[in-house]
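Visitor: One structure, pasted below without further comment.
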Amino acid sequence: SDIDDVGDDTHLTMLEMLGNFSFGGYFKKEAITYGYQFITQEMGLKIDYVTIFEGSDGVPADNESEQIWKSLNPNLTIKKSGRADNFWGPTGDQGPCGPTTEIYVDGYEVWNIVFNEYYQDKNGKCAKLAKPGVDTGAGLERLTAVMQKKKSVYETDLFSSVYQKVGQLATKKNLKSQRIVTEHARAITFLLSEGILPSNKEQGYVARRLIRRLIVHSQLLGIDNKHNQKFIEDFIKLMSDFYPQLHDNQGKILAAFVQEEDHFIRTLDMGMKRLAKIFISKPKTISGHDAFLLYDSFGFPLELTQELAAAKKIKVDHQGFQQELEEQKERSRTAQKGFYKGGLAGMS
């Protein structure tokens, strides 16, 4: 769901998650204390501030967490927000959910602690669980960026070798596209290693979308298609010491990638032909509907359509495109309800 955020300093479609769970063994005091001690003592970092749930929609404010934080550090800055930022779940129409508290260091949200203390029914009403649980998540990439004093996760040793190679091969400079190619290459490597092959359904749709976005943004950078496979190979080499299955499955990974790449390049050609037909009519503006059709059916990101249109001094209806995109996202969210039965603490 955060795929469009990839390209900033921290958002990733695939991340290595650190964390701990409790299903009745301990709760807020212990979980917050563990997080505080790990960040400040084990990692030796200074916390900027923490966030807590301020209460909304019939669920009270998380005053208990606030008091625990104050007991650990009376001078700690505590910020409060509502459901959008400091409440997790449920994953479907109903299920466990609860307030969260987050730890920020050097501007990064590095730790998210979820307190599953409620059960939300189909009517949206929350009732206390008899046995609450704790689900915490810390992004390894963000912690690495903080520890290595980097401005983005792409400058850390988890990404830097491939990230720099993408930049060196690019004939057109575009920071966001450079990051997207790098990030998607790593995510694709792991998806294909797990046997998740490109398709139009469920996890396969994610694999297909990531491969196609990589190819498009590689082209936006002016990189020859022959190099895309090399980025996958680089991540296999970089991470096989920790994930030997990448090396073991290298042949299958590369074969699946090349097959999808070949198929998509043909699709891109079809999209270019459709765009050429639109250009023939010499419109002043490409409609949001047409821009979205190019995006959804032919894999054209809005940036590519805008770049090609700008060369002919044609505008693109950005607002209309966003409306079509939001409608698709809503359809996707509706379809996902009931498909996902659980999940980890998220990193916003």
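Lettering and numbering for the structure tokens are positional, with chains as A, B, ... in the shown order, residues counted from 1 in each chain, and ligands counted from 1 in the shown order.
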As a ChimeraX atom specification, please: the residues near Glu141 (chain A) (cut-off 10 Å, only C-alpha atoms, same-chain neighbours under 3 positions excluded).
Guide: /A:10-12,14-17,110,138,144-147,152-154,156-159
Visitor: Restricted to N, CA, C and O atoms, what would the selected residues look like written as a PDB file, in the first residue's frame?
Guide:
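Final file, result-v5.pdb:
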ATOM      1  N   THR A  10      13.051   6.833   3.293  1.00  0.00           N
ATOM      2  CA  THR A  10      12.882   5.687   4.180  1.00  0.00           C
ATOM      3  C   THR A  10      11.911   4.610   3.733  1.00  0.00           C
ATOM      4  O   THR A  10      12.022   3.472   4.188  1.00  0.00           O
ATOM      5  N   HIS A  11      10.927   4.919   2.888  1.00  0.00           N
ATOM      6  CA  HIS A  11       9.894   3.925   2.584  1.00  0.00           C
ATOM      7  C   HIS A  11      10.408   2.828   1.657  1.00  0.00           C
ATOM      8  O   HIS A  11      11.074   3.095   0.654  1.00  0.00           O
ATOM      9  N   LEU A  12      10.078   1.593   2.008  1.00  0.00           N
ATOM     10  CA  LEU A  12      10.529   0.432   1.262  1.00  0.00           C
ATOM     11  C   LEU A  12       9.362  -0.537   1.075  1.00  0.00           C
ATOM     12  O   LEU A  12       8.499  -0.647   1.937  1.00  0.00           O
ATOM     13  N   MET A  14      10.069  -3.732   0.674  1.00  0.00           N
ATOM     14  CA  MET A  14      10.575  -4.858   1.445  1.00  0.00           C
ATOM     15  C   MET A  14      11.530  -4.344   2.497  1.00  0.00           C
ATOM     16  O   MET A  14      12.401  -3.535   2.205  1.00  0.00           O
ATOM     17  N   LEU A  15      11.328  -4.756   3.733  1.00  0.00           N
ATOM     18  CA  LEU A  15      12.249  -4.358   4.794  1.00  0.00           C
ATOM     19  C   LEU A  15      12.512  -5.544   5.702  1.00  0.00           C
ATOM     20  O   LEU A  15      11.720  -6.481   5.771  1.00  0.00           O
ATOM     21  N   GLU A  16      13.661  -5.500   6.354  1.00  0.00           N
ATOM     22  CA  GLU A  16      13.998  -6.526   7.335  1.00  0.00           C
ATOM     23  C   GLU A  16      13.534  -6.017   8.695  1.00  0.00           C
ATOM     24  O   GLU A  16      13.988  -4.985   9.169  1.00  0.00           O
ATOM     25  N   MET A  17      12.597  -6.742   9.275  1.00  0.00           N
ATOM     26  CA  MET A  17      11.933  -6.278  10.494  1.00  0.00           C
ATOM     27  C   MET A  17      12.492  -6.972  11.733  1.00  0.00           C
ATOM     28  O   MET A  17      12.537  -8.198  11.811  1.00  0.00           O
ATOM     29  N   VAL A 110      11.865   4.721  13.960  1.00  0.00           N
ATOM     30  CA  VAL A 110      12.672   3.499  13.971  1.00  0.00           C
ATOM     31  C   VAL A 110      12.021   2.362  14.745  1.00  0.00           C
ATOM     32  O   VAL A 110      12.457   1.214  14.641  1.00  0.00           O
ATOM     33  N   ALA A 138      10.850  -2.917  14.345  1.00  0.00           N
ATOM     34  CA  ALA A 138      11.907  -1.946  14.109  1.00  0.00           C
ATOM     35  C   ALA A 138      12.535  -2.231  12.755  1.00  0.00           C
ATOM     36  O   ALA A 138      12.967  -3.356  12.500  1.00  0.00           O
ATOM     37  N   THR A 144      19.925   1.140  10.614  1.00  0.00           N
ATOM     38  CA  THR A 144      21.251   1.181   9.999  1.00  0.00           C
ATOM     39  C   THR A 144      21.586   2.593   9.535  1.00  0.00           C
ATOM     40  O   THR A 144      22.712   3.076   9.729  1.00  0.00           O
ATOM     41  N   ALA A 145      20.616   3.275   8.931  1.00  0.00           N
ATOM     42  CA  ALA A 145      20.839   4.648   8.474  1.00  0.00           C
ATOM     43  C   ALA A 145      21.192   5.559   9.643  1.00  0.00           C
ATOM     44  O   ALA A 145      22.089   6.401   9.544  1.00  0.00           O
ATOM     45  N   VAL A 146      20.504   5.383  10.752  1.00  0.00           N
ATOM     46  CA  VAL A 146      20.777   6.195  11.933  1.00  0.00           C
ATOM     47  C   VAL A 146      22.159   5.882  12.496  1.00  0.00           C
ATOM     48  O   VAL A 146      22.944   6.781  12.813  1.00  0.00           O
ATOM     49  N   MET A 147      22.475   4.589  12.615  1.00  0.00           N
ATOM     50  CA  MET A 147      23.760   4.197  13.179  1.00  0.00           C
ATOM     51  C   MET A 147      24.932   4.610  12.287  1.00  0.00           C
ATOM     52  O   MET A 147      26.000   4.962  12.777  1.00  0.00           O
ATOM     53  N   SER A 152      19.766   8.805   4.037  1.00  0.00           N
ATOM     54  CA  SER A 152      18.717   7.921   3.527  1.00  0.00           C
ATOM     55  C   SER A 152      19.176   6.477   3.656  1.00  0.00           C
ATOM     56  O   SER A 152      20.377   6.210   3.803  1.00  0.00           O
ATOM     57  N   VAL A 153      18.233   5.554   3.592  1.00  0.00           N
ATOM     58  CA  VAL A 153      18.581   4.132   3.705  1.00  0.00           C
ATOM     59  C   VAL A 153      19.438   3.681   2.532  1.00  0.00           C
ATOM     60  O   VAL A 153      20.200   2.711   2.644  1.00  0.00           O
ATOM     61  N   TYR A 154      19.348   4.383   1.400  1.00  0.00           N
ATOM     62  CA  TYR A 154      20.076   3.968   0.201  1.00  0.00           C
ATOM     63  C   TYR A 154      21.575   4.233   0.299  1.00  0.00           C
ATOM     64  O   TYR A 154      22.356   3.693  -0.480  1.00  0.00           O
ATOM     65  N   THR A 156      23.277   3.501   2.995  1.00  0.00           N
ATOM     66  CA  THR A 156      23.840   2.504   3.914  1.00  0.00           C
ATOM     67  C   THR A 156      24.441   1.354   3.116  1.00  0.00           C
ATOM     68  O   THR A 156      24.185   1.204   1.916  1.00  0.00           O
ATOM     69  N   ASP A 157      25.219   0.509   3.807  1.00  0.00           N
ATOM     70  CA  ASP A 157      25.851  -0.613   3.113  1.00  0.00           C
ATOM     71  C   ASP A 157      24.855  -1.700   2.715  1.00  0.00           C
ATOM     72  O   ASP A 157      25.229  -2.674   2.048  1.00  0.00           O
ATOM     73  N   LEU A 158      23.606  -1.557   3.106  1.00  0.00           N
ATOM     74  CA  LEU A 158      22.569  -2.490   2.678  1.00  0.00           C
ATOM     75  C   LEU A 158      22.179  -2.269   1.214  1.00  0.00           C
ATOM     76  O   LEU A 158      21.638  -3.165   0.559  1.00  0.00           O
ATOM     77  N   PHE A 159      22.410  -1.046   0.705  1.00  0.00           N
ATOM     78  CA  PHE A 159      21.997  -0.683  -0.645  1.00  0.00           C
ATOM     79  C   PHE A 159      23.092  -0.036  -1.487  1.00  0.00           C
ATOM     80  O   PHE A 159      23.012  -0.045  -2.708  1.00  0.00           O
TER      81      PHE A 159
END
Visitor: Please provide as a list of chain:residue names all residues within 9 Å of Leu246 (chain A), with the sequence filter that same-chain residues fewer than 3 positions apart are discarded (counting only C-alpha atoms).
Guide: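 Near neighbours after the sequence-gap exclusion: A:Thr189, A:Phe190, A:Ser193, A:Glu194, A:Phe235, A:Ile236, A:Lys237, A:Met239, A:Ser240, A:Tyr243, A:Asn249, A:Gln250, A:Ile253.
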Visitor: Which is closer to Arg209 (chain A) than all the others in A:Ala187, A:Ile286, A:Leu254, A:Ala309, using only C-alpha atoms?
Guide: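 Nearest to Arg209 (chain A): A:Ala187.
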Visitor: Do a neighbour search on His227 (chain A) at 12 Å with only C-alpha atoms, toss out local chain neighbours closer than 6 positions, and write the hits as a list in words.
Guide: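 Answer for this query is Val162, Lys165, Val166, Gln168, Leu169, Ala170, Val181, Ala185, Leu214, Ile215, Ser218, Gln219, Leu221, Glu233, Asp234, Val258 and Glu261 of chain A.
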Visitor: Identify all residues of region 241-343 of chain A in strand (DSSP E) (DSSP on the backbone) and supply them as a ChimeraX atom specification.
Guide: /A:285-286,315-316
Visitor: Mind pulling up the distance from CA of Ile223 (chain A) to CA of Gln178 (chain A)?
Guide: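 So the two atoms, CA of Gln178 (chain A) and CA of Ile223 (chain A), lie 10.4 Å apart.
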Visitor: Give the helix (DSSP H, G or I) residues of region 29-110 of chain A, as DSSP finds them on the backbone, and put them as a PyMOL selection string.
Guide: chain A and resi 29-42+63-72+83-86
Visitor: Need to verify the contact set: Glu260 (chain A), 8 Å, only C-alpha atoms, exclusion of same-chain residues closer than 2 positions in sequence. Can you return it as a list in words?
Guide: Pro198, Arg208, Ile211, Ala256, Phe257, Val258, Asp262, His263 and Phe264 of chain A
Visitor: Of the candidates A:Gln41, A:Gln164, A:Thr51, A:Thr91, which one gets nearest to Thr77 (chain A) if we count only C-alpha atoms?
Guide: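 The shortest atom-to-atom distance to Thr77 (chain A) comes from A:Thr51.
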Visitor: Between A:Ala255, A:Leu302, A:Leu175, A:Leu143, which one has atoms that come closest to Val316 (chain A), using only C-alpha atoms?
Guide: A:Leu302
